[in-house]
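Asker: Structure supplied as protein.cif; contents: mmCIF, C-alpha atoms.
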```cif
data_final
loop_
_atom_site.label_atom_id
_atom_site.label_comp_id
_atom_site.auth_asym_id
_atom_site.auth_seq_id
_atom_site.Cartn_x
_atom_site.Cartn_y
_atom_site.Cartn_z
CA MET A 26 -34.06 1.33 -15.75
CA LYS A 27 -35.40 3.15 -12.71
CA VAL A 28 -33.76 5.16 -9.93
CA THR A 29 -34.89 3.29 -6.83
CA ALA A 30 -32.94 5.15 -4.12
CA ILE A 31 -30.56 8.07 -3.53
CA THR A 32 -28.81 7.97 -0.16
CA GLN A 33 -26.16 10.15 1.44
CA GLN A 34 -22.82 8.45 2.02
CA VAL A 35 -21.87 8.06 5.68
CA TYR A 36 -18.13 8.75 5.41
CA HIS A 37 -18.36 11.23 2.53
CA PRO A 38 -21.52 13.32 3.19
CA GLN A 39 -20.93 15.45 0.10
CA ARG A 40 -21.52 12.39 -2.09
CA TYR A 41 -24.68 10.35 -2.64
CA ASN A 42 -25.18 6.72 -3.62
CA VAL A 43 -27.52 6.23 -6.55
CA PHE A 44 -29.31 2.89 -6.85
CA ILE A 45 -30.71 1.70 -10.17
CA ASP A 46 -33.30 -1.11 -10.12
CA GLY A 47 -32.40 -1.86 -6.52
CA SER A 48 -28.62 -2.13 -7.03
CA PHE A 49 -25.85 0.40 -6.35
CA ALA A 50 -24.91 2.16 -9.58
CA PHE A 51 -22.59 5.06 -8.72
CA GLY A 52 -21.76 7.80 -6.25
CA LEU A 53 -22.29 11.43 -7.26
CA ILE A 54 -22.24 14.89 -5.71
CA MET A 55 -25.62 16.63 -5.42
CA GLU A 56 -24.80 19.06 -8.25
CA ASP A 57 -24.46 16.14 -10.67
CA ILE A 58 -27.63 14.49 -9.40
CA ILE A 59 -29.52 17.72 -10.05
CA TYR A 60 -27.82 18.27 -13.43
CA PHE A 61 -28.76 14.79 -14.69
CA LYS A 62 -32.25 15.08 -13.16
CA LEU A 63 -31.93 11.93 -11.13
CA LYS A 64 -34.83 11.40 -8.76
CA GLU A 65 -36.19 8.39 -6.93
CA GLY A 66 -38.90 6.73 -9.01
CA ASN A 67 -37.78 8.34 -12.28
CA GLU A 68 -36.61 6.36 -15.27
CA ILE A 69 -33.04 6.77 -16.52
CA SER A 70 -32.10 6.07 -20.13
CA LYS A 71 -29.32 3.64 -20.95
CA GLU A 72 -27.48 6.43 -22.78
CA LYS A 73 -27.50 8.66 -19.70
CA TYR A 74 -26.55 5.75 -17.43
CA ASP A 75 -23.62 4.75 -19.68
CA TYR A 76 -22.39 8.33 -19.92
CA ILE A 77 -22.42 8.82 -16.15
CA GLN A 78 -20.80 5.45 -15.51
CA ASN A 79 -18.20 5.46 -18.30
CA GLU A 80 -17.29 9.12 -18.42
CA LEU A 81 -18.19 11.12 -15.33
CA VAL A 82 -17.65 8.49 -12.63
CA TYR A 83 -14.59 7.04 -14.34
CA ILE A 84 -12.92 10.48 -14.50
CA GLN A 85 -13.75 11.08 -10.84
CA ALA A 86 -12.19 7.74 -9.89
CA GLN A 87 -9.14 8.42 -12.04
CA ASP A 88 -8.64 11.84 -10.43
CA THR A 89 -9.02 10.29 -6.96
CA ALA A 90 -6.36 7.69 -7.74
CA LEU A 91 -3.92 10.18 -9.26
CA HIS A 92 -4.29 12.49 -6.27
CA TYR A 93 -3.73 9.57 -3.90
CA ILE A 94 -0.45 8.55 -5.55
CA ASP A 95 0.72 12.10 -6.23
CA TYR A 96 2.63 12.66 -2.98
CA LYS A 97 3.61 9.08 -2.11
CA MET A 98 4.22 5.80 -3.90
CA ARG A 99 1.40 3.30 -3.46
CA THR A 100 0.90 -0.39 -4.11
CA GLU A 101 -1.84 -1.70 -6.37
CA LYS A 102 -3.69 -3.01 -3.31
CA GLU A 103 -3.54 0.38 -1.57
CA VAL A 104 -4.97 2.20 -4.60
CA PHE A 105 -7.68 -0.42 -5.08
CA LYS A 106 -8.65 -0.14 -1.40
CA LYS A 107 -8.79 3.66 -1.55
CA LEU A 108 -11.10 3.64 -4.59
CA HIS A 109 -13.29 1.01 -2.99
CA GLU A 110 -13.55 3.10 0.19
CA LYS A 111 -14.62 6.07 -1.94
CA GLY A 112 -17.58 4.05 -3.18
CA PHE A 113 -16.59 3.43 -6.79
CA SER A 114 -17.91 0.29 -8.48
CA GLU A 115 -15.74 -2.73 -9.27
CA ASN A 116 -15.95 -2.09 -13.02
CA VAL A 117 -14.81 1.53 -12.68
CA ILE A 118 -11.99 0.57 -10.31
CA GLU A 119 -10.80 -2.10 -12.72
CA ARG A 120 -10.65 0.42 -15.57
CA VAL A 121 -8.72 2.91 -13.43
CA MET A 122 -6.25 0.22 -12.33
CA GLU A 123 -5.64 -0.77 -15.96
CA PHE A 124 -4.99 2.88 -16.83
CA LEU A 125 -2.56 3.36 -13.92
CA LYS A 126 -0.60 0.21 -14.75
CA LYS A 127 -0.55 0.94 -18.49
CA TYR A 128 1.09 4.32 -17.94
CA GLN A 129 3.25 3.04 -15.06
CA TYR A 130 1.70 5.24 -12.40
CA ILE A 131 1.75 2.20 -10.14
CA GLU A 132 4.35 -0.57 -10.29
CA ASP A 133 4.67 -2.95 -7.39
CA GLU A 134 8.22 -3.92 -8.35
CA LYS A 135 9.41 -0.31 -8.27
CA TYR A 136 7.53 0.18 -5.02
CA CYS A 137 9.41 -2.80 -3.56
CA GLU A 138 12.79 -1.39 -4.59
CA SER A 139 12.02 2.04 -3.15
CA TYR A 140 10.62 0.61 0.08
CA ILE A 141 13.62 -1.66 0.67
CA LYS A 142 16.15 1.09 -0.07
CA GLU A 143 14.44 3.44 2.37
CA ARG A 144 14.25 0.75 5.05
CA ILE A 145 17.93 -0.15 4.69
CA ARG A 146 18.97 3.49 4.82
CA PHE A 147 16.89 4.67 7.77
CA ASN A 148 15.59 1.62 9.65
CA PRO A 149 17.36 -1.64 8.67
CA ARG A 150 15.43 -4.90 8.62
CA GLY A 151 16.29 -8.47 7.73
CA LYS A 152 14.95 -10.00 4.53
CA TYR A 153 12.29 -11.93 6.40
CA ALA A 154 10.87 -8.78 8.03
CA LEU A 155 10.99 -6.89 4.73
CA LYS A 156 9.09 -9.67 3.02
CA MET A 157 6.40 -9.72 5.73
CA GLU A 158 5.98 -5.93 5.58
CA LEU A 159 5.68 -5.88 1.79
CA ARG A 160 3.30 -8.84 1.83
CA GLN A 161 1.02 -6.90 4.20
CA LYS A 162 0.89 -4.14 1.60
CA GLY A 163 -0.57 -6.65 -0.85
CA ILE A 164 2.48 -7.28 -3.01
CA ALA A 165 2.83 -10.78 -4.46
CA ASP A 166 5.55 -13.03 -3.03
CA SER A 167 7.00 -13.56 -6.52
CA ILE A 168 7.62 -9.80 -6.90
CA ILE A 169 9.04 -9.49 -3.39
CA ASP A 170 11.39 -12.46 -3.82
CA LYS A 171 12.57 -11.21 -7.22
CA THR A 172 13.30 -7.75 -5.83
CA LEU A 173 15.08 -9.02 -2.71
CA GLU A 174 17.21 -11.30 -4.85
CA LYS A 175 18.46 -8.60 -7.20
CA MET A 176 19.11 -5.98 -4.51
CA GLN A 177 22.31 -6.02 -2.53
CA ILE A 178 21.28 -6.29 1.11
CA ASP A 179 24.11 -6.68 3.61
CA GLU A 180 22.12 -8.37 6.37
CA LEU A 181 25.20 -9.24 8.41
CA GLY A 182 26.60 -5.72 8.21
CA ASP A 183 23.26 -4.20 9.19
CA ALA A 184 22.85 -6.64 12.09
CA ILE A 185 26.35 -5.83 13.37
CA ARG A 186 25.71 -2.08 13.21
CA LEU A 187 22.41 -2.44 15.06
CA LEU A 188 24.10 -4.58 17.69
CA GLU A 189 26.92 -2.09 18.14
CA LYS A 190 24.39 0.71 18.67
CA LYS A 191 22.73 -1.27 21.43
CA CYS A 192 25.85 -2.08 23.45
CA PHE A 193 29.42 -0.80 23.81
CA SER A 194 30.83 -4.22 24.68
CA LEU A 195 29.41 -7.73 24.98
CA ASP A 196 31.76 -8.29 27.91
CA ASP A 197 29.84 -5.69 29.90
CA ILE A 198 26.42 -7.36 29.63
CA ASN A 199 24.98 -10.50 31.23
CA GLU A 200 23.22 -13.44 29.60
CA LYS A 201 19.79 -11.90 30.14
CA GLU A 202 20.84 -8.80 28.25
CA LYS A 203 22.34 -10.91 25.47
CA LYS A 204 19.01 -12.73 25.08
CA ARG A 205 17.27 -9.36 24.91
CA LEU A 206 19.60 -8.28 22.11
CA LEU A 207 19.04 -11.56 20.29
CA GLY A 208 15.29 -11.04 20.52
CA PHE A 209 15.70 -7.49 19.24
CA LEU A 210 17.47 -8.70 16.11
CA GLN A 211 14.97 -11.51 15.61
CA ARG A 212 12.11 -9.00 15.67
CA ARG A 213 14.00 -7.06 13.02
CA GLY A 214 13.73 -10.11 10.78
CA TYR A 215 17.28 -11.45 10.97
CA SER A 216 17.80 -15.21 10.89
CA TYR A 217 19.47 -17.07 13.76
CA ASP A 218 22.56 -17.71 11.59
CA ILE A 219 22.96 -13.99 10.81
CA ILE A 220 22.50 -13.08 14.48
CA LYS A 221 25.04 -15.72 15.53
CA GLU A 222 27.56 -14.35 13.03
CA ALA A 223 26.95 -10.78 14.22
CA PHE A 224 27.62 -11.74 17.86
CA ALA A 225 30.69 -13.72 16.83
CA TYR A 226 32.07 -10.80 14.82
CA ILE A 227 31.76 -8.38 17.73
CA GLU A 228 33.23 -10.86 20.20
CA GLN A 229 36.19 -11.46 17.88
CA LYS A 230 36.62 -7.74 17.32
CA GLU A 231 36.74 -7.13 21.07
CA GLU A 232 39.42 -9.79 21.53
#
```
I need this file expressed as structure tokens, please.

Answerer:
Amino acid sequence: MKVTAITQQVYHPQRYNVFIDGSFAFGLIMEDIIYFKLKEGNEISKEKYDYIQNELVYIQAQDTALHYIDYKMRTEKEVFKKLHEKGFSENVIERVMEFLKKYQYIEDEKYCESYIKERIRFNPRGKYALKMELRQKGIADSIIDKTLEKMQIDELGDAIRLLEKKCFSLDDINEKEKKRLLGFLQRRGYSYDIIKEAFAYIEQKEE
């Protein structure tokens, strides 16, 4: 095996991409490149290559992932994307992901539960909106549906409270304003039936 190129990374100038036999092998800091005597045109033994790939780079990727999830819960997709952006190879990323899942550092189901609880508490959304938001974070529909099913989400109650915050009385607003409120709740992910019930509840309460 031969080192065919060593190039500085664009977004992480302190790291360098090392190419072996024309293909990307790993990203290293200059100190490691010097320590392992890597130079364009020089041969690299399989033992040295395996050590760098399986030990040094893997530990770097693991540390990057653990730091990334240390201060905030992340989905599997978010962690994978972060490691990919850092220039780690697919094989290394796969190993790190297996480690994180094995020791429950990342669990999409727990992430779902935490995300939904926080949304309901601070910024209520309907189930449809919650599902779309979680799907965008790369969580599988099966996990989202399972989590939404087991959690107690009072969509009607949340819709009513949001509606009450937006207006003191439905009697005081015109049809145009009512349509605006309907659109507001729709954008929050509430179904037409839930919205209809929320309006009916407030109207009945006012009577």

Asker: Looking at A:Gln34, A:Asn148, A:Gln87, A:Thr29, which one is nearest to Glu68 of chain A, with distances taken over only C-alpha atoms?

Answerer: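 Closest to Glu68 of chain A of all the choices is A:Thr29.
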
Asker: Run through the PyMOL selection byres ((chain A and resi 50-55) around 7) on the given coordinates and return the selected residues as JSON, numbers by chain.

Answerer: {"A": [39, 40, 41, 42, 43, 44, 45, 48, 49, 56, 57, 58, 59, 112, 113, 114]}

Asker: Please report the interatomic distance between atom CA of Ala184 of chain A and atom CA of Ala223 of chain A in Å with one decimal.

Answerer: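 A separation of 6.2 Å between them.
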
Asker: If we count only C-alpha atoms, what is near segment 204-206 of chain A at a cut-off of 12 Å, once residues fewer than 3 positions away on the same chain are taken out, given as a ChimeraX atom specification?

Answerer: /A:184-185,187-192,195,198-201,209-213,215,220-221,223-224

Asker: Could those selected residues go to a file with C-alpha atoms, as a PDB file, in the frame of the given file?

Answerer:
```pdb
ATOM      1  CA  ALA A 184      22.850  -6.640  12.090  1.00  0.00           C
ATOM      2  CA  ILE A 185      26.350  -5.830  13.370  1.00  0.00           C
ATOM      3  CA  LEU A 187      22.410  -2.440  15.060  1.00  0.00           C
ATOM      4  CA  LEU A 188      24.100  -4.580  17.690  1.00  0.00           C
ATOM      5  CA  GLU A 189      26.920  -2.090  18.140  1.00  0.00           C
ATOM      6  CA  LYS A 190      24.390   0.710  18.670  1.00  0.00           C
ATOM      7  CA  LYS A 191      22.730  -1.270  21.430  1.00  0.00           C
ATOM      8  CA  CYS A 192      25.850  -2.080  23.450  1.00  0.00           C
ATOM      9  CA  LEU A 195      29.410  -7.730  24.980  1.00  0.00           C
ATOM     10  CA  ILE A 198      26.420  -7.360  29.630  1.00  0.00           C
ATOM     11  CA  ASN A 199      24.980 -10.500  31.230  1.00  0.00           C
ATOM     12  CA  GLU A 200      23.220 -13.440  29.600  1.00  0.00           C
ATOM     13  CA  LYS A 201      19.790 -11.900  30.140  1.00  0.00           C
ATOM     14  CA  PHE A 209      15.700  -7.490  19.240  1.00  0.00           C
ATOM     15  CA  LEU A 210      17.470  -8.700  16.110  1.00  0.00           C
ATOM     16  CA  GLN A 211      14.970 -11.510  15.610  1.00  0.00           C
ATOM     17  CA  ARG A 212      12.110  -9.000  15.670  1.00  0.00           C
ATOM     18  CA  ARG A 213      14.000  -7.060  13.020  1.00  0.00           C
ATOM     19  CA  TYR A 215      17.280 -11.450  10.970  1.00  0.00           C
ATOM     20  CA  ILE A 220      22.500 -13.080  14.480  1.00  0.00           C
ATOM     21  CA  LYS A 221      25.040 -15.720  15.530  1.00  0.00           C
ATOM     22  CA  ALA A 223      26.950 -10.780  14.220  1.00  0.00           C
ATOM     23  CA  PHE A 224      27.620 -11.740  17.860  1.00  0.00           C
TER      24      PHE A 224
END
```

Asker: For atom CA of Val82 of chain A and atom CA of Met122 of chain A, quote the distance in Å rounded to one decimal.

Answerer: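 Spanning atom CA of Val82 of chain A to atom CA of Met122 of chain A is a straight-line distance of 14.1 Å.
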
Asker: Taking all atoms listed in the file into account, which of A:Gly66, A:Gly47, A:Gly163, A:Gly151 comes nearest Lys102 of chain A?

Answerer: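 Using all atoms listed in the file, the shortest distance to Lys102 of chain A belongs to A:Gly163.
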
Asker: For the atom pair atom CA of Lys107 of chain A and atom CA of Lys127 of chain A, what is the interatomic distance in Å to one decimal place?

Answerer: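 Atom CA of Lys127 of chain A lies at a distance of 19.0 Å from atom CA of Lys107 of chain A.
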
Asker: Leaving out segment 138-140 of chain A and any residue of its chain fewer than 3 positions from it, which residues lie within 12 Å of it when counting all atoms listed in the file, given as a PyMOL selection string?

Answerer: chain A and resi 97-100+132-135+143-150+155-156+158-159+162+164+168-178

Asker: Taking into account only C-alpha atoms, which residue in the set A:Arg120, A:Lys142, A:Lys62, A:Lys71 is nearest to Asp179 of chain A?

Answerer: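 Of A:Arg120, A:Lys142, A:Lys62, A:Lys71, the one nearest Asp179 of chain A, counting only C-alpha atoms, is A:Lys142.
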
Asker: Export segment 113-146 of chain A, N, CA and C atoms, as a PDB file, in the first residue's frame; it's the structure right above.

Answerer:
```
ATOM      1  N   PHE A 113     -14.858  11.027   8.815  1.00  0.00           N
ATOM      2  CA  PHE A 113     -14.575   9.641   9.178  1.00  0.00           C
ATOM      3  C   PHE A 113     -15.151   8.692   8.124  1.00  0.00           C
ATOM      4  N   SER A 114     -14.512   7.558   7.947  1.00  0.00           N
ATOM      5  CA  SER A 114     -14.938   6.593   6.932  1.00  0.00           C
ATOM      6  C   SER A 114     -16.213   5.869   7.373  1.00  0.00           C
ATOM      7  N   GLU A 115     -16.891   5.262   6.411  1.00  0.00           N
ATOM      8  CA  GLU A 115     -18.135   4.549   6.684  1.00  0.00           C
ATOM      9  C   GLU A 115     -17.920   3.413   7.690  1.00  0.00           C
ATOM     10  N   ASN A 116     -16.812   2.691   7.549  1.00  0.00           N
ATOM     11  CA  ASN A 116     -16.537   1.561   8.444  1.00  0.00           C
ATOM     12  C   ASN A 116     -16.351   2.020   9.891  1.00  0.00           C
ATOM     13  N   VAL A 117     -15.616   3.110  10.060  1.00  0.00           N
ATOM     14  CA  VAL A 117     -15.379   3.653  11.407  1.00  0.00           C
ATOM     15  C   VAL A 117     -16.694   4.157  12.003  1.00  0.00           C
ATOM     16  N   ILE A 118     -17.472   4.871  11.201  1.00  0.00           N
ATOM     17  CA  ILE A 118     -18.754   5.398  11.675  1.00  0.00           C
ATOM     18  C   ILE A 118     -19.669   4.257  12.102  1.00  0.00           C
ATOM     19  N   GLU A 119     -19.692   3.195  11.320  1.00  0.00           N
ATOM     20  CA  GLU A 119     -20.540   2.046  11.648  1.00  0.00           C
ATOM     21  C   GLU A 119     -20.149   1.440  12.988  1.00  0.00           C
ATOM     22  N   ARG A 120     -18.853   1.323  13.236  1.00  0.00           N
ATOM     23  CA  ARG A 120     -18.373   0.780  14.506  1.00  0.00           C
ATOM     24  C   ARG A 120     -18.768   1.665  15.677  1.00  0.00           C
ATOM     25  N   VAL A 121     -18.634   2.984  15.495  1.00  0.00           N
ATOM     26  CA  VAL A 121     -18.991   3.934  16.553  1.00  0.00           C
ATOM     27  C   VAL A 121     -20.491   3.864  16.835  1.00  0.00           C
ATOM     28  N   MET A 122     -21.298   3.783  15.786  1.00  0.00           N
ATOM     29  CA  MET A 122     -22.749   3.717  15.959  1.00  0.00           C
ATOM     30  C   MET A 122     -23.142   2.450  16.724  1.00  0.00           C
ATOM     31  N   GLU A 123     -22.498   1.355  16.426  1.00  0.00           N
ATOM     32  CA  GLU A 123     -22.765   0.096  17.133  1.00  0.00           C
ATOM     33  C   GLU A 123     -22.424   0.230  18.616  1.00  0.00           C
ATOM     34  N   PHE A 124     -21.303   0.885  18.899  1.00  0.00           N
ATOM     35  CA  PHE A 124     -20.882   1.112  20.286  1.00  0.00           C
ATOM     36  C   PHE A 124     -21.905   1.982  21.025  1.00  0.00           C
ATOM     37  N   LEU A 125     -22.326   3.080  20.393  1.00  0.00           N
ATOM     38  CA  LEU A 125     -23.271   4.004  21.027  1.00  0.00           C
ATOM     39  C   LEU A 125     -24.614   3.339  21.306  1.00  0.00           C
ATOM     40  N   LYS A 126     -25.071   2.524  20.377  1.00  0.00           N
ATOM     41  CA  LYS A 126     -26.366   1.842  20.564  1.00  0.00           C
ATOM     42  C   LYS A 126     -26.255   0.719  21.598  1.00  0.00           C
ATOM     43  N   LYS A 127     -25.128   0.028  21.587  1.00  0.00           N
ATOM     44  CA  LYS A 127     -24.927  -1.071  22.541  1.00  0.00           C
ATOM     45  C   LYS A 127     -24.990  -0.581  23.983  1.00  0.00           C
ATOM     46  N   TYR A 128     -24.385   0.565  24.243  1.00  0.00           N
ATOM     47  CA  TYR A 128     -24.350   1.110  25.599  1.00  0.00           C
ATOM     48  C   TYR A 128     -25.398   2.200  25.822  1.00  0.00           C
ATOM     49  N   GLN A 129     -26.359   2.254  24.917  1.00  0.00           N
ATOM     50  CA  GLN A 129     -27.549   3.116  25.036  1.00  0.00           C
ATOM     51  C   GLN A 129     -27.217   4.603  25.162  1.00  0.00           C
ATOM     52  N   TYR A 130     -26.154   5.004  24.475  1.00  0.00           N
ATOM     53  CA  TYR A 130     -25.839   6.430  24.422  1.00  0.00           C
ATOM     54  C   TYR A 130     -26.808   7.143  23.475  1.00  0.00           C
ATOM     55  N   ILE A 131     -27.277   6.410  22.483  1.00  0.00           N
ATOM     56  CA  ILE A 131     -28.291   6.952  21.585  1.00  0.00           C
ATOM     57  C   ILE A 131     -29.425   5.943  21.468  1.00  0.00           C
ATOM     58  N   GLU A 132     -30.650   6.421  21.651  1.00  0.00           N
ATOM     59  CA  GLU A 132     -31.847   5.596  21.518  1.00  0.00           C
ATOM     60  C   GLU A 132     -32.949   6.464  20.925  1.00  0.00           C
ATOM     61  N   ASP A 133     -33.315   6.175  19.708  1.00  0.00           N
ATOM     62  CA  ASP A 133     -34.296   7.012  19.036  1.00  0.00           C
ATOM     63  C   ASP A 133     -35.651   7.017  19.738  1.00  0.00           C
ATOM     64  N   GLU A 134     -36.003   5.903  20.385  1.00  0.00           N
ATOM     65  CA  GLU A 134     -37.296   5.863  21.077  1.00  0.00           C
ATOM     66  C   GLU A 134     -37.303   6.807  22.283  1.00  0.00           C
ATOM     67  N   LYS A 135     -36.211   6.813  23.035  1.00  0.00           N
ATOM     68  CA  LYS A 135     -36.110   7.730  24.178  1.00  0.00           C
ATOM     69  C   LYS A 135     -36.057   9.175  23.701  1.00  0.00           C
ATOM     70  N   TYR A 136     -35.374   9.377  22.576  1.00  0.00           N
ATOM     71  CA  TYR A 136     -35.310  10.723  22.003  1.00  0.00           C
ATOM     72  C   TYR A 136     -36.721  11.203  21.667  1.00  0.00           C
ATOM     73  N   CYS A 137     -37.516  10.318  21.055  1.00  0.00           N
ATOM     74  CA  CYS A 137     -38.905  10.646  20.704  1.00  0.00           C
ATOM     75  C   CYS A 137     -39.699  11.078  21.931  1.00  0.00           C
ATOM     76  N   GLU A 138     -39.601  10.285  22.989  1.00  0.00           N
ATOM     77  CA  GLU A 138     -40.349  10.574  24.218  1.00  0.00           C
ATOM     78  C   GLU A 138     -39.945  11.939  24.777  1.00  0.00           C
ATOM     79  N   SER A 139     -38.658  12.190  24.849  1.00  0.00           N
ATOM     80  CA  SER A 139     -38.170  13.455  25.394  1.00  0.00           C
ATOM     81  C   SER A 139     -38.595  14.630  24.521  1.00  0.00           C
ATOM     82  N   TYR A 140     -38.496  14.461  23.220  1.00  0.00           N
ATOM     83  CA  TYR A 140     -38.849  15.534  22.283  1.00  0.00           C
ATOM     84  C   TYR A 140     -40.331  15.889  22.401  1.00  0.00           C
ATOM     85  N   ILE A 141     -41.178  14.863  22.446  1.00  0.00           N
ATOM     86  CA  ILE A 141     -42.625  15.084  22.515  1.00  0.00           C
ATOM     87  C   ILE A 141     -43.013  15.750  23.833  1.00  0.00           C
ATOM     88  N   LYS A 142     -42.426  15.292  24.939  1.00  0.00           N
ATOM     89  CA  LYS A 142     -42.727  15.882  26.241  1.00  0.00           C
ATOM     90  C   LYS A 142     -42.359  17.363  26.277  1.00  0.00           C
ATOM     91  N   GLU A 143     -41.196  17.679  25.711  1.00  0.00           N
ATOM     92  CA  GLU A 143     -40.745  19.072  25.708  1.00  0.00           C
ATOM     93  C   GLU A 143     -41.647  19.937  24.826  1.00  0.00           C
ATOM     94  N   ARG A 144     -42.049  19.387  23.678  1.00  0.00           N
ATOM     95  CA  ARG A 144     -42.937  20.112  22.783  1.00  0.00           C
ATOM     96  C   ARG A 144     -44.281  20.406  23.468  1.00  0.00           C
ATOM     97  N   ILE A 145     -44.849  19.389  24.083  1.00  0.00           N
ATOM     98  CA  ILE A 145     -46.156  19.528  24.722  1.00  0.00           C
ATOM     99  C   ILE A 145     -46.094  20.559  25.847  1.00  0.00           C
ATOM    100  N   ARG A 146     -44.982  20.552  26.567  1.00  0.00           N
ATOM    101  CA  ARG A 146     -44.852  21.444  27.715  1.00  0.00           C
ATOM    102  C   ARG A 146     -44.645  22.899  27.306  1.00  0.00           C
TER     103      ARG A 146
END
```
